[in-house]
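Colleague: Here it is, the structure, as structure tokens.
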There are 2 protein chains.
Amino acid sequence: MKVAVAQLNYHIGNFEGNLACMRSCVAKARSQGADLICFSELSTCGYPPVDFLEFRDFIHRSMSVVNELAGDSFDIGIALGSPTVNPDLEGKDLHNSVFFLFEGKVHHLYHKGLLPNYDIFDEYRYFEPASSFNTFEFKGVKIAITICEDIWNLNHDNPMYDLCPMDEMIKEKPRLMLNLSASPFSFEHTNDRLNVIKENARRYKIPIFYVNCFGAQTDIVFDGGSVVSSPDGNNFEELPYFQEVLKVYDLEDVEKGIFSKEQRKDKAELIYNALILGIRDYFTKMNFKSAILGLSGGIDSALTAVLACDALGPENVTALLMPSMFSSEGSVNDAQSLAKNLGIEYKIIPITNVFDTYMQELKPFFKGLPYNVTEENIQARIRGMLLMSFSNKFSHILLNTTNKSEMAVGYGTLYGDLCGGLAVLADVYKTEVYLLSEYVNRHKLRIPINSIAKPPSAELRPGQKDSDSLPTYDLLDPVLYQYIEKRKGPDEIINLGYDRELVLRILKMVNKAEFKRYQSPPVIRVSYKSFGSGRRMPIEGHYLY
Amino acid sequence: MKVAVAQLNYHIGNFEGNLACMRSCVAKARSQGADLICFSELSTCGYPPVDFLEFRDFIHRSMSVVNELAGDSFDIGIALGSPTVNPDLEGKDLHNSVFFLFEGKVHHLYHKGLLPNYDIFDEYRYFEPASSFNTFEFKGVKIAITICEDIWNLNHDNPMYDLCPMDEMIKEKPRLMLNLSASPFSFEHTNDRLNVIKENARRYKIPIFYVNCFGAQTDIVFDGGSVVSSPDGNNFEELPYFQEVLKVYDLEDVEKGIFSKEQRKDKAELIYNALILGIRDYFTKMNFKSAILGLSGGIDSALTAVLACDALGPENVTALLMPSMFSSEGSVNDAQSLAKNLGIEYKIIPITNVFDTYMQELKPFFKGLPYNVTEENIQARIRGMLLMSFSNKFSHILLNTTNKSEMAVGYGTLYGDLCGGLAVLADVYKTEVYLLSEYVNRHKLRIPINSIAKPPSAELRPGQKDSDSLPTYDLLDPVLYQYIEKRKGPDEIINLGYDRELVLRILKMVNKAEFKRYQSPPVIRVSYKSFGSGRRMPIEGHYLY
């Protein structure tokens with residue numbers, strides 16, 4: 001028996017697009033002699049469809065894709081994911097399901113049992129979990145289907161669930177398992193996933209075809225990395241990350257386990273590729289062509305520019321250099337060098353005239369009051385406004401250049417440098433920005449050394465440095481990591497050896513900045529705890545204030 | 001036996017504040033001879049604490065409040081809500097619990113069984129539901145405790161749940177039920193709630209003390225309206241909405257059912273009060289004093305100004321009038337009349353000079369290109385920037401004046417008129433803005449007739465009217481209501497008799513504006529489907545595009 005694994009990029013709610021994509025894979029798999037083809041979780045409608053699922057019309061359209069593909073299944077088995085209506089009156093309205101189509105009909109229907117409801121996942125909001133699980137026979141071969149989380153309660157060691165679907169199905173002695181997933185990327189998660197698949201193979205002693213999707217859905221990046229594992233879990237092939245793959249396997253080869261291929265897991269490379277895909281898919285799926293961003297001469301905007309070029313091509317990236325009276329000459333030079341290195345178009349628009357006009361108009365009201373954060377914010381907002389004007393006039397999408405450290409402590413101006421359609425680096429700590437900058441400079445100097453080497457500054461008042469307002473990033477980032485990613489409270493962090501006053505100061509800054517993050521652009525998620533839908537905090541919460 | 005009902009305003013994560021508040025009520029209830037006092041759901045930490053619940057430190061602090069109050073319970077029973085750690089390894093880490101404290105100890109501990117996980121609710125994200133439920137005895141009286149949603153599966157007619165805690169507990173023959181709730185306001189929900197309580201009383205033939213909290217948590221408003229019902233459900237007292245109440249009842253009086261009082265349920269009055277509370281609590285809980293807003297001469301900003309005055313006092317409200325070359329003279333006059341009617345400070349800052357400077361700076365880049373939405377947005381953004389400058393300089397919080405119709409179809413400028421700390425009217429359709437304007441004008445003309453009567457216009461180009469870009473609001477709002485509140489798909493709405501092309505045009509506008517709403521201020525929720533955490537849509541989703 002030949003099994004085709006289809007690792008595809010779906011678009012939420014784009015039923016025609018998703019259908020066309022799957023259909024062409026079915027044809028290719030057929031031409032390569034495949035007996036069955038396996039797509040990934042909710043492949044008809046894309047993942048996560050969130051509240052679109054509350055529309056019956058959306059479910060009907062999803063089912064139309066299933067019906068269309070049934071027509072293609074006359075000579076090949078097709079496993080694909082779709083939401084289905086729960087026929088029981090009790091429970092949530094829907095199931096998260098997989099159809100196995102064959103000979104124009106539904107050959108088998110499976111409902112997901114383990115529903116993730118943490119971080120970015122809200123599956124209990126929509127789906128009723130299944131409680132019984134069965135295998136089915138196809139061309140004389142018994143097959144077990146599972147969906148994503150279903151294989152993550154091995155040995156019942158996951159306290160969140162009391163079911164383990166495969167423990168039920170293995171009693172029916174399936175010869176292989178198909179797992180249809182929508183497993184998002186985080187640079188710390190790739191090994192976990194591979195291990196869980198291998199452990200499943202070992203426990204059940206059957207080959208596993210684990211099919212993940214790839215592609216970005218605004219903020220959430222799916223990385224692919226589908227896996228085919230031999231029954232002993234020792235021989236496996238991990239398919240490439242961040243790209244479309246259609247590959248046909250002979251079941252007997254997989255059972256023998258004569259192959260082995262793992263993808264490289266380099267942190268900088270993984271994050272780089274995830275960000276590139278994040279940018280590219282945002283533009284493709286929103287039907288945008290070109291990007292704009294502000295270059296300050298600093299490292300964050302420089303790295304964002306490199307990523308934009310690599311994602312969209314330098315011909316689709318425009319930069320604005322917007323020096324003020326406080327910009328050092330070096331900053332403009334560094335920004336220009338970068339633009340030249342990348343071959344992108346750039347314009348220089350000093351903000352001094354607009355700033356002066358604002359000051360003149362505000363003078364009657366501000367008279368006598370000292371220069372403070374107000375005037376700093378005005379500069380940042382003039383830049384945001386100029387960028388948005390270019391965005392509006394030329395249909396460029398503004399890329400936000402804020403990093404995760406700044407986003408965490410609120411070091412940024414709402415409606416100023418926090419503008420943008422997409423925040424490229426806001427899940428990348430400043431210390432990781434340096435790592436990525438080295439990575440993109442590894443073959444050729446693209447980001448000027450000076451942008452990397454100089455002390456970070458917002459340049460909104462004379463001689464300003466980030467370290468005037470913030471702890472240095474080597475002190476800040478590890479504390480943020482413990483608080484944001486590790487969800488540790490103040491005492492736990494202090495007990496790790498960090499200074500008490502520093503920790504309390506940082507945690508307070510993070511909590512006080514919630515109102516800014518609420519209005520910030522969507523953030524490309526590359527860690528396992530990103531700002532956005534995976535981290536929900538009350539704005540007026542008084543905790544650690 | 002005397003039962004005190006304490007309808008209080010909690011502050012999320014403000015453990016000291018919540019404790020002090022409850023403590024003073026315990027003292028008052030004791031002085032009035034109460035045998036027990038009942039607070040509401042998660043009263044130690046406030047509702048909804050969202051991801052604060054993932055911090056063990058947060059749970060410990062919550063438990064400290066329970067321990068403190070145990071000390072106060074030497075001679076009075078205290079029922080209060082707190083998250084607790086689930087002692088089982090299996091399942092989610094926490095329970096949503098109620099402690100009944102007496103004589104310094106935990107007399108009874110109850111865990112919530114029905115966990116809402118829809119709209120703004122995400123309880124499955126944090127809590128393990130209980131599956132067994134017991135009454136307890138206090139001073140010779142058997143008491144059943146339930147928490148909020150627990151009483152919403154009467155006759156098992158709620159398909160979302162298969163449990164009904166009271167059906168279990170009634171077997172133990174309790175003499176009364178305490179329900180501790182955190183039930184948010186929507187103007188369409190108040191009667192439902194009252195009916196559910198009455199039906200519960202009838203079914204179980206016992207008195208019910210239903211204790212809701214009141215107060216706003218940024219976007220979500222809790223309205224109070226606690227209810228004490230006789231066993232036949234025919235005699236009941238509904239306590240006032242939107243205010244603190246401490247009232248002591250004699251159980252025997254309630255059993256006899258000799259009282260009856262229902263609150264008035266006038267749509268305009270309810271929404272008005274909810275918005276006032278929403279503004280006031282945002283300022284109180286964030287420790288802000290004064291507000292600023294832009295007055296255009298139109299009805300939305302006029303109504304927002306009235307609400308701000310009534311919530312914060314006219315002495316704490318400042319208005320900016322920012323006419324452009326396209327502002328009609330009438331607009332400035334109308335805005336001035338309003339400011340005078342309200343007695344608020346106002347400043348006039350024409351935006352023409354700043355606009356001209358921008359145009360001059362952009363001219364080399366925009367040369368030859370026609371005036372379009374770019375220049376319209378620049379005007380809106382200059383206004384946003386001026387308002388934010390005042391906000392920064394004088395610590396005024398900017399109130400956003402966008403209405404729900406505009407927010408729905410994206411008729412507004414990001415970083416322009418979509419700026420603000422809090423969106424006051426963004427859950428109020430334009431047609432409801434008129435209703436509320438009549439309401440606030442009922443005793444005295446506050447909003448000038450002209451602001452109400454003239455056709456809505458953004459005044460961003462000569463002679464512009466909203467109706468140039470949008471269907472008229474009497475056509476738009478009913479379709480929006482069907483799509484947003486009723487979750488109806490295109491065909492269902494068309495089948496209600498609306499024009500096909502109009503419906504498709506409106507639904508597409510709504511879905512295309514998702515990126516704007518993502519970066520908009522939090523919206524005070526007054527309907528049962530508001531923009532914000534209760535409505536989650538993919539930005540790059542392609543549905544109905």
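Chains: A, B, ... in order of the structure tokens. Residues: from 1 per chain. Ligands: from 1, in order shown.
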If we count only C-alpha atoms, what is near stretch 333-347 of chain B at a cut-off of 6 Å, once residues fewer than 4 positions away on the same chain are taken out, given as an MDAnalysis selection string?

Modeller: chainID B and resid 295 297 314 317:320 446:447

Colleague: Residues of the last selection are to be written out with N, CA and C atoms, as a short mmCIF file (atom, residue, chain, number, x, y, z; two decimals), in the first residue's frame.

Modeller:
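The new file again_5.cif reads:
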data_model
loop_
_atom_site.label_atom_id
_atom_site.label_comp_id
_atom_site.auth_asym_id
_atom_site.auth_seq_id
_atom_site.Cartn_x
_atom_site.Cartn_y
_atom_site.Cartn_z
N LEU B 295 -14.47 66.83 19.96
CA LEU B 295 -15.87 67.12 19.60
C LEU B 295 -15.91 67.55 18.14
N GLY B 297 -18.89 68.11 16.57
CA GLY B 297 -20.19 68.70 16.27
C GLY B 297 -21.22 67.64 15.94
N PRO B 314 -18.27 67.22 35.06
CA PRO B 314 -17.82 68.10 33.97
C PRO B 314 -16.43 68.70 34.23
N VAL B 317 -13.61 66.74 32.51
CA VAL B 317 -13.69 66.46 31.08
C VAL B 317 -13.20 67.67 30.28
N THR B 318 -12.29 67.42 29.38
CA THR B 318 -11.80 68.47 28.47
C THR B 318 -12.11 68.06 27.05
N ALA B 319 -12.52 69.01 26.23
CA ALA B 319 -12.83 68.71 24.84
C ALA B 319 -11.91 69.51 23.92
N LEU B 320 -11.52 68.88 22.82
CA LEU B 320 -10.81 69.61 21.77
C LEU B 320 -11.73 69.72 20.55
N ARG B 446 -29.28 68.92 26.26
CA ARG B 446 -27.83 68.94 26.45
C ARG B 446 -27.13 68.78 25.10
N ILE B 447 -27.56 67.79 24.32
CA ILE B 447 -27.01 67.64 22.97
C ILE B 447 -27.80 68.55 22.03
#

Colleague: Write out as JSON, numbers by chain which residues come within 6 Å of stretch 409-426 of chain A when counting only C-alpha atoms, dropping same-chain ones fewer than 2 positions away.

Modeller: {"A": [377, 380, 381, 384, 398, 399, 400, 402, 403, 404, 406, 407, 428, 509, 510, 513, 521, 522, 523, 524], "B": [415]}

Colleague: Just give me the gap between atom CA of B:Gly233 and atom CA of B:Met177 in Å, one decimal is fine.

Modeller: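 That distance, rounded to one decimal, is 12.8 Å.
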
Colleague: Nearest to B:Asn67: which of B:Gly33, B:Gly104, B:Pro370, B:Pro48 is it, counting only C-alpha atoms?

Modeller: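 Smallest distance to B:Asn67 is found for B:Gly104.
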
Colleague: Near B:Tyr371, within 12 Å and counting only C-alpha atoms, which residues show up once chain neighbours fewer than 3 positions away are dropped, as a list in words?

Modeller: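 Within the cut-off, the hits are Ser389, Asn392 and Lys393 of chain A; Met359, Lys363, Phe366, Lys367, Gly368, Thr374, Glu375, Glu376, Asn377, Ile378, Leu460, Arg461 and Pro462 of chain B.
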
Colleague: With C-alpha atoms retained, export the selected residues as a PDB file, in the first residue's frame.

Modeller:
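Okay, again03.pdb is ready:
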ATOM      1  CA  SER A 389       0.374  58.090   4.569  1.00  0.00           C
ATOM      2  CA  ASN A 392      -2.494  54.616   2.162  1.00  0.00           C
ATOM      3  CA  LYS A 393      -1.213  56.351  -0.962  1.00  0.00           C
TER       4      LYS A 393
ATOM      5  CA  MET B 359       1.168  68.106   2.613  1.00  0.00           C
ATOM      6  CA  LYS B 363       4.395  66.787  -1.879  1.00  0.00           C
ATOM      7  CA  PHE B 366       2.835  62.339  -3.734  1.00  0.00           C
ATOM      8  CA  LYS B 367       3.159  64.756  -6.671  1.00  0.00           C
ATOM      9  CA  GLY B 368       0.442  64.468  -9.230  1.00  0.00           C
ATOM     10  CA  THR B 374      -4.767  59.231   2.367  1.00  0.00           C
ATOM     11  CA  GLU B 375      -5.459  62.907   2.929  1.00  0.00           C
ATOM     12  CA  GLU B 376      -8.694  62.074   4.772  1.00  0.00           C
ATOM     13  CA  ASN B 377      -6.786  59.784   7.104  1.00  0.00           C
ATOM     14  CA  ILE B 378      -4.106  62.410   7.687  1.00  0.00           C
ATOM     15  CA  LEU B 460     -12.991  64.920   5.591  1.00  0.00           C
ATOM     16  CA  ARG B 461     -13.740  66.225   2.096  1.00  0.00           C
ATOM     17  CA  PRO B 462     -16.122  68.846   0.759  1.00  0.00           C
TER      18      PRO B 462
END

Colleague: Can you tell me, as a PyMOL selection string, what residues are no more than 10 Å from B:Leu239 when counting only C-alpha atoms, ignoring any on the same chain fewer than 2 positions away?

Modeller: chain B and resi 5+7+211-212+224-228+236-237+241-247+261-263

Colleague: Name the residues in contact with stretch 16-25 of chain B at a cut-off of 9 Å, using only C-alpha atoms, excluding same-chain residues fewer than 2 positions from it; report them as a ChimeraX atom specification.

Modeller: /B:6,8-14,27-30,37,39,43-46,65-66,68-69,72,246

Colleague: Counting only C-alpha atoms, what is within 12 Å of B:Thr284, bar same-chain residues fewer than 5 positions away, as a VMD selection string?

Modeller: (chain A and resid 540 to 542) or (chain B and resid 9 to 11 215 to 218 277 to 279 289 to 291 311 to 312 397)
